[in-house]
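Enquirer: Dropping in entry_15.tsv, with TSV, C-alpha atoms and all ligand atoms.
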chain	number	residue	atom	x	y	z
I	1	MET	CA	12.91	14.54	12.23
I	2	THR	CA	10.39	11.74	11.90
I	3	TYR	CA	9.41	8.91	9.61
I	4	LEU	CA	6.47	7.22	7.96
I	5	ALA	CA	6.46	3.55	6.96
I	6	ILE	CA	4.01	2.24	4.38
I	7	VAL	CA	3.33	-1.44	3.68
I	8	ARG	CA	1.09	-3.07	1.11
I	9	HIS	CA	-0.73	-6.09	2.64
I	10	GLY	CA	0.76	-9.56	2.08
I	11	GLN	CA	-0.37	-11.71	-0.84
I	12	SER	CA	-4.16	-12.23	-0.84
I	13	VAL	CA	-6.16	-15.19	-2.15
I	14	TRP	CA	-7.19	-13.19	-5.21
I	15	ASN	CA	-3.65	-11.90	-5.81
I	16	LEU	CA	-2.68	-15.57	-6.00
I	17	GLU	CA	-5.61	-16.37	-8.31
I	18	ASN	CA	-4.80	-13.31	-10.46
I	19	ARG	CA	-8.26	-11.79	-9.99
I	20	PHE	CA	-9.17	-8.10	-9.75
I	21	THR	CA	-9.77	-7.54	-6.05
I	22	GLY	CA	-10.46	-3.87	-5.35
I	23	ASP	CA	-12.70	-3.44	-2.32
I	24	VAL	CA	-13.76	-7.11	-2.10
I	25	ASP	CA	-12.77	-8.33	1.37
I	26	VAL	CA	-10.56	-11.35	0.63
I	27	ASP	CA	-8.11	-12.83	3.12
I	28	LEU	CA	-4.34	-13.41	3.09
I	29	THR	CA	-2.77	-16.61	1.78
I	30	PRO	CA	-0.19	-18.49	3.91
I	31	GLN	CA	2.46	-16.78	1.76
I	32	GLY	CA	0.80	-13.43	2.50
I	33	GLU	CA	1.05	-14.16	6.23
I	34	ALA	CA	4.74	-15.00	5.81
I	35	GLU	CA	5.29	-11.73	3.90
I	36	ALA	CA	3.60	-9.85	6.76
I	37	ARG	CA	5.89	-11.55	9.28
I	38	GLN	CA	8.92	-10.55	7.27
I	39	ALA	CA	7.65	-6.97	7.00
I	40	GLY	CA	7.32	-6.99	10.81
I	41	GLN	CA	10.91	-8.16	11.21
I	42	LEU	CA	12.14	-5.44	8.84
I	43	LEU	CA	10.14	-2.81	10.75
I	44	LYS	CA	11.49	-3.82	14.19
I	45	PRO	CA	14.16	-1.07	14.15
I	46	TYR	CA	11.46	1.51	13.30
I	47	PRO	CA	8.94	1.71	16.16
I	48	VAL	CA	5.95	3.97	15.57
I	49	ASP	CA	3.52	5.96	17.70
I	50	SER	CA	0.38	5.01	15.78
I	51	ALA	CA	-0.81	2.97	12.81
I	52	TYR	CA	-3.47	3.36	10.12
I	53	THR	CA	-5.10	0.78	7.92
I	54	SER	CA	-8.12	0.23	5.69
I	55	ILE	CA	-11.31	-1.57	6.72
I	56	LEU	CA	-10.36	-4.64	4.61
I	57	LYS	CA	-9.16	-7.77	6.38
I	58	ARG	CA	-6.06	-8.39	4.25
I	59	ALA	CA	-4.63	-5.05	5.45
I	60	ILE	CA	-5.95	-5.31	9.04
I	61	ARG	CA	-4.46	-8.82	9.41
I	62	THR	CA	-1.14	-7.74	7.87
I	63	LEU	CA	-0.95	-4.92	10.41
I	64	ALA	CA	-1.79	-7.31	13.29
I	65	ILE	CA	0.98	-9.70	12.19
I	66	ILE	CA	3.45	-6.79	11.92
I	67	GLU	CA	2.51	-5.69	15.45
I	68	GLU	CA	3.10	-9.23	16.78
I	69	GLN	CA	6.55	-9.30	15.14
I	70	THR	CA	7.63	-5.87	16.31
I	71	GLY	CA	6.18	-6.39	19.79
I	72	GLN	CA	4.16	-3.14	19.44
I	73	THR	CA	0.87	-4.84	20.27
I	74	SER	CA	-0.84	-1.93	22.03
I	75	LEU	CA	-0.36	0.58	19.25
I	76	PRO	CA	-3.24	3.02	18.63
I	77	VAL	CA	-4.72	1.79	15.32
I	78	THR	CA	-7.19	3.71	13.15
I	79	GLN	CA	-9.11	1.88	10.42
I	80	SER	CA	-10.53	3.98	7.60
I	81	ALA	CA	-12.28	3.19	4.32
I	82	ALA	CA	-10.39	6.18	2.90
I	83	LEU	CA	-7.35	3.87	2.73
I	84	ASN	CA	-9.23	1.00	1.03
I	85	GLU	CA	-8.04	-0.40	-2.27
I	86	ARG	CA	-9.43	1.47	-5.28
I	87	SER	CA	-12.69	-0.06	-6.48
I	88	TYR	CA	-12.25	-1.98	-9.73
I	89	GLY	CA	-16.03	-1.89	-10.21
I	90	SER	CA	-17.41	-4.60	-12.46
I	91	LEU	CA	-13.91	-6.01	-13.07
I	92	GLN	CA	-13.76	-7.24	-9.47
I	93	GLY	CA	-13.57	-11.02	-9.24
I	94	LEU	CA	-12.56	-11.40	-12.90
I	95	ASN	CA	-9.28	-13.01	-13.94
I	96	LYS	CA	-6.75	-10.51	-15.33
I	97	ASP	CA	-5.61	-12.90	-18.12
I	98	ASP	CA	-9.25	-13.36	-19.22
I	99	ILE	CA	-9.67	-9.56	-19.34
I	100	ALA	CA	-6.47	-9.30	-21.42
I	101	LYS	CA	-7.87	-11.87	-23.86
I	102	GLN	CA	-11.20	-10.08	-24.09
I	103	TYR	CA	-10.06	-6.43	-24.22
I	104	GLY	CA	-6.33	-6.67	-25.06
I	105	VAL	CA	-3.26	-6.07	-22.89
I	106	VAL	CA	-3.15	-2.34	-23.67
I	107	GLN	CA	-6.63	-1.80	-22.22
I	108	LEU	CA	-5.86	-4.09	-19.28
I	109	ASP	CA	-2.74	-2.04	-18.52
I	110	LYS	CA	-4.67	1.24	-18.77
I	111	TRP	CA	-7.28	0.03	-16.32
I	112	ARG	CA	-4.60	-1.21	-13.92
I	113	ARG	CA	-1.92	1.44	-14.10
I	114	SER	CA	-2.95	4.69	-15.80
I	115	TYR	CA	-3.82	7.69	-13.64
I	116	ASP	CA	-7.12	8.67	-15.17
I	117	GLU	CA	-8.63	5.59	-16.89
I	118	VAL	CA	-11.83	4.62	-15.05
I	119	PRO	CA	-12.60	0.88	-14.87
I	120	PRO	CA	-16.33	0.19	-15.55
I	121	GLN	CA	-18.28	1.32	-12.44
I	122	GLY	CA	-14.97	1.64	-10.56
I	123	GLU	CA	-12.46	4.26	-9.47
I	124	SER	CA	-9.50	5.59	-11.43
I	125	LEU	CA	-6.23	6.17	-9.61
I	126	GLU	CA	-7.12	9.86	-9.77
I	127	HIS	CA	-10.36	9.18	-7.86
I	128	THR	CA	-8.42	7.10	-5.34
I	129	TYR	CA	-5.89	9.93	-4.90
I	130	GLY	CA	-8.87	12.22	-4.32
I	131	ARG	CA	-9.91	10.33	-1.18
I	132	VAL	CA	-6.53	9.06	0.11
I	133	ILE	CA	-4.65	12.37	0.06
I	134	PRO	CA	-7.30	14.52	1.84
I	135	TYR	CA	-7.46	11.82	4.55
I	136	PHE	CA	-3.67	11.72	4.81
I	137	GLY	CA	-3.56	15.53	4.95
I	138	SER	CA	-6.14	15.87	7.70
I	139	GLU	CA	-5.44	12.78	9.86
I	140	ILE	CA	-1.85	11.66	9.37
I	141	GLU	CA	0.28	14.59	8.19
I	142	PRO	CA	-0.45	16.65	11.35
I	143	LYS	CA	0.93	13.78	13.45
I	144	LEU	CA	4.10	13.62	11.38
I	145	LYS	CA	4.44	17.40	11.64
I	146	ALA	CA	4.24	17.01	15.42
I	147	GLY	CA	7.20	14.60	15.25
I	148	GLN	CA	5.20	11.39	15.66
I	149	ARG	CA	6.15	8.26	13.75
I	150	VAL	CA	3.42	6.54	11.75
I	151	LEU	CA	2.85	3.20	10.00
I	152	ILE	CA	0.25	2.79	7.23
I	153	VAL	CA	-0.75	-0.68	6.03
I	154	ALA	CA	-2.96	-0.50	2.97
I	155	HIS	CA	-3.18	-1.52	-0.70
I	156	GLY	CA	-1.33	-1.37	-4.00
I	157	ASN	CA	-3.30	1.48	-5.50
I	158	SER	CA	-4.26	3.43	-2.39
I	159	LEU	CA	-0.54	3.47	-1.54
I	160	ARG	CA	0.55	4.28	-5.11
I	161	SER	CA	-1.52	7.45	-4.84
I	162	LEU	CA	0.21	8.28	-1.56
I	163	MET	CA	3.60	7.62	-3.20
I	164	MET	CA	2.63	10.10	-5.96
I	165	TYR	CA	1.97	12.74	-3.34
I	166	LEU	CA	5.00	12.09	-1.13
I	167	GLU	CA	7.53	11.59	-3.92
I	168	GLN	CA	5.95	14.01	-6.41
I	169	ILE	CA	5.59	11.30	-9.03
I	170	SER	CA	3.84	12.54	-12.18
I	171	PRO	CA	0.65	10.94	-13.59
I	172	THR	CA	2.80	9.58	-16.44
I	173	ASP	CA	5.47	8.10	-14.21
I	174	ILE	CA	3.06	6.54	-11.70
I	175	ALA	CA	1.98	4.16	-14.48
I	176	LYS	CA	5.44	2.54	-14.19
I	177	THR	CA	5.48	2.47	-10.37
I	178	GLU	CA	4.73	-0.85	-8.68
I	179	LEU	CA	4.56	-1.66	-4.97
I	180	ALA	CA	5.25	-5.27	-3.99
I	181	THR	CA	3.23	-7.03	-1.29
I	182	GLY	CA	4.78	-6.94	2.19
I	183	VAL	CA	7.81	-4.78	1.34
I	184	PRO	CA	7.94	-1.74	3.67
I	185	ARG	CA	8.85	1.66	2.22
I	186	LEU	CA	10.29	4.13	4.71
I	187	TYR	CA	9.99	7.91	4.31
I	188	GLU	CA	12.14	10.17	6.48
I	189	PHE	CA	11.32	13.85	6.99
I	190	ASP	CA	13.21	16.76	8.49
I	191	ALA	CA	11.71	19.17	11.05
I	192	ASP	CA	10.06	21.16	8.21
I	193	MET	CA	8.42	17.96	6.85
I	194	LYS	CA	10.74	17.99	3.85
I	195	LEU	CA	11.30	14.47	2.56
I	196	THR	CA	14.96	13.59	3.17
I	197	ASN	CA	14.98	9.90	2.28
I	198	ALA	CA	12.72	7.25	0.74
I	199	THR	CA	13.82	3.64	0.74
I	200	TYR	CA	12.48	0.08	0.60
I	201	LEU	CA	13.44	-2.07	3.56
I	202	SER	CA	14.75	-5.45	2.51
I	203	VAL	CA	16.52	-8.40	4.00
I	204	HIS	CA	20.24	-7.68	4.30
I	205	GLN	CA	22.25	-9.80	1.88
I	206	PRO	CA	25.77	-10.27	3.25
I	207	SER	CA	28.24	-9.12	0.59
I	208	THR	CA	30.48	-11.74	-0.98
I	209	PRO	CA	34.16	-11.26	-0.01
I	210	GLN	CA	36.17	-10.10	-3.06
E	1	LIG	O1	-6.67	-6.42	-7.96
E	1	LIG	C1	-6.40	-5.41	-7.29
E	1	LIG	O2	-7.21	-4.87	-6.51
E	1	LIG	C2	-5.04	-4.76	-7.42
E	1	LIG	C3	-4.15	-5.01	-6.26
E	1	LIG	O3	-3.98	-6.34	-5.95
E	1	LIG	O4	-4.46	-5.26	-8.57
E	1	LIG	P1	-3.65	-4.41	-9.63
E	1	LIG	O5	-2.21	-4.73	-9.38
E	1	LIG	O6	-4.14	-4.98	-10.94
E	1	LIG	O7	-3.97	-2.97	-9.46
Mind converting the file's structure to structure tokens?

Expert:
Amino acid sequence: MTYLAIVRHGQSVWNLENRFTGDVDVDLTPQGEAEARQAGQLLKPYPVDSAYTSILKRAIRTLAIIEEQTGQTSLPVTQSAALNERSYGSLQGLNKDDIAKQYGVVQLDKWRRSYDEVPPQGESLEHTYGRVIPYFGSEIEPKLKAGQRVLIVAHGNSLRSLMMYLEQISPTDIAKTELATGVPRLYEFDADMKLTNATYLSVHQPSTPQ
């Protein structure tokens, strides 16, 4: 039995400004740092043997903050561009509301959430899947199969493609699947690498006495 935790980086400056970000290397906001700290607290009960992240600073810094919080500061960390956010091509830097005004909300939604729509000069989710999953299969899955526990800190769309693979989400259903910043998702596997549980970690709300 082992587990894999995935975390989308905390809020970035361009998340806050509602701009297409893709592979532009923008930093975390103070709120993004706070989200990373909370993710670290939630991950404390789930120590890992190694961690993976993209080569973009919003993910690298989120991972570093998580490590500080969990106390796992000497974790082996691998950075790979295979885990980068999908490229939004010529949409990068543009405001999403302005794009909605120019092209309509239906087109905006297709570019953001459909599986196969390709943003101008960018990557579709299908393209992103095509680089994330082979990397996961060759570098990360063998470690899980060997019983090691792994943390991946990456991006909304690179992780949505991984969620498709792990949870067998269809191209239609992935369009409705969102991943919030800084909220860890934990996958548990049995000895045959069969997924036994998938859950978001969240702050425990004490129940109100009846
Ligand atoms: O702009 C982006 O790169 C992504 C992630 O922040 O946005 P979206 O949610 O539109 O895919």

Enquirer: I'd like to know which of I:Tyr165, I:Tyr46, I:Tyr52, I:Trp14 is closest to Thr70 in chain I, using all atoms listed in the file.

Expert: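 Checking each candidate against Thr70 in chain I, we get I:Tyr46 as the closest.
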
Enquirer: Could you please extract the residues within 7 Å of ligand LIG 1 (chain E), counting only C-alpha atoms and all ligand atoms, and hand them back as a ChimeraX atom specification?

Expert: /I:15,19-22,85-86,88,112-113,155-157

Enquirer: With only C-alpha atoms as the counted atoms, please give the residues lying no more than 8 Å from Gly147 in chain I, apart from itself and same-chain residues fewer than 5 positions off, as a list in words.

Expert: Met1, Thr2 and Ala191 of chain I

Enquirer: Find the residues around Tyr115 in chain I up to 8 Å (all atoms listed in the file counted), leave out those fewer than 3 positions away in its own chain, and share them as a ChimeraX atom specification.

Expert: /I:124-126,171-172,174-175

Enquirer: Name all residues at most 9 Å from range 136-143 of chain I (count only C-alpha atoms; drop same-chain ones fewer than 4 positions away) and give them as a CSV table (one decimal) with C-alpha atoms, in the coordinates of the input.

Expert:
chain,number,residue,atom,x,y,z
I,52,TYR,CA,-3.5,3.4,10.1
I,82,ALA,CA,-10.4,6.2,2.9
I,83,LEU,CA,-7.4,3.9,2.7
I,131,ARG,CA,-9.9,10.3,-1.2
I,132,VAL,CA,-6.5,9.1,0.1
I,147,GLY,CA,7.2,14.6,15.2
I,148,GLN,CA,5.2,11.4,15.7
I,149,ARG,CA,6.2,8.3,13.8
I,150,VAL,CA,3.4,6.5,11.8
I,162,LEU,CA,0.2,8.3,-1.6
I,193,MET,CA,8.4,18.0,6.8

Enquirer: In Å, rounded to a single decimal, give me how far CA of Pro120 in chain I is from CA of Gly89 in chain I.

Expert: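 CA of Gly89 in chain I sits 5.7 Å away from CA of Pro120 in chain I.
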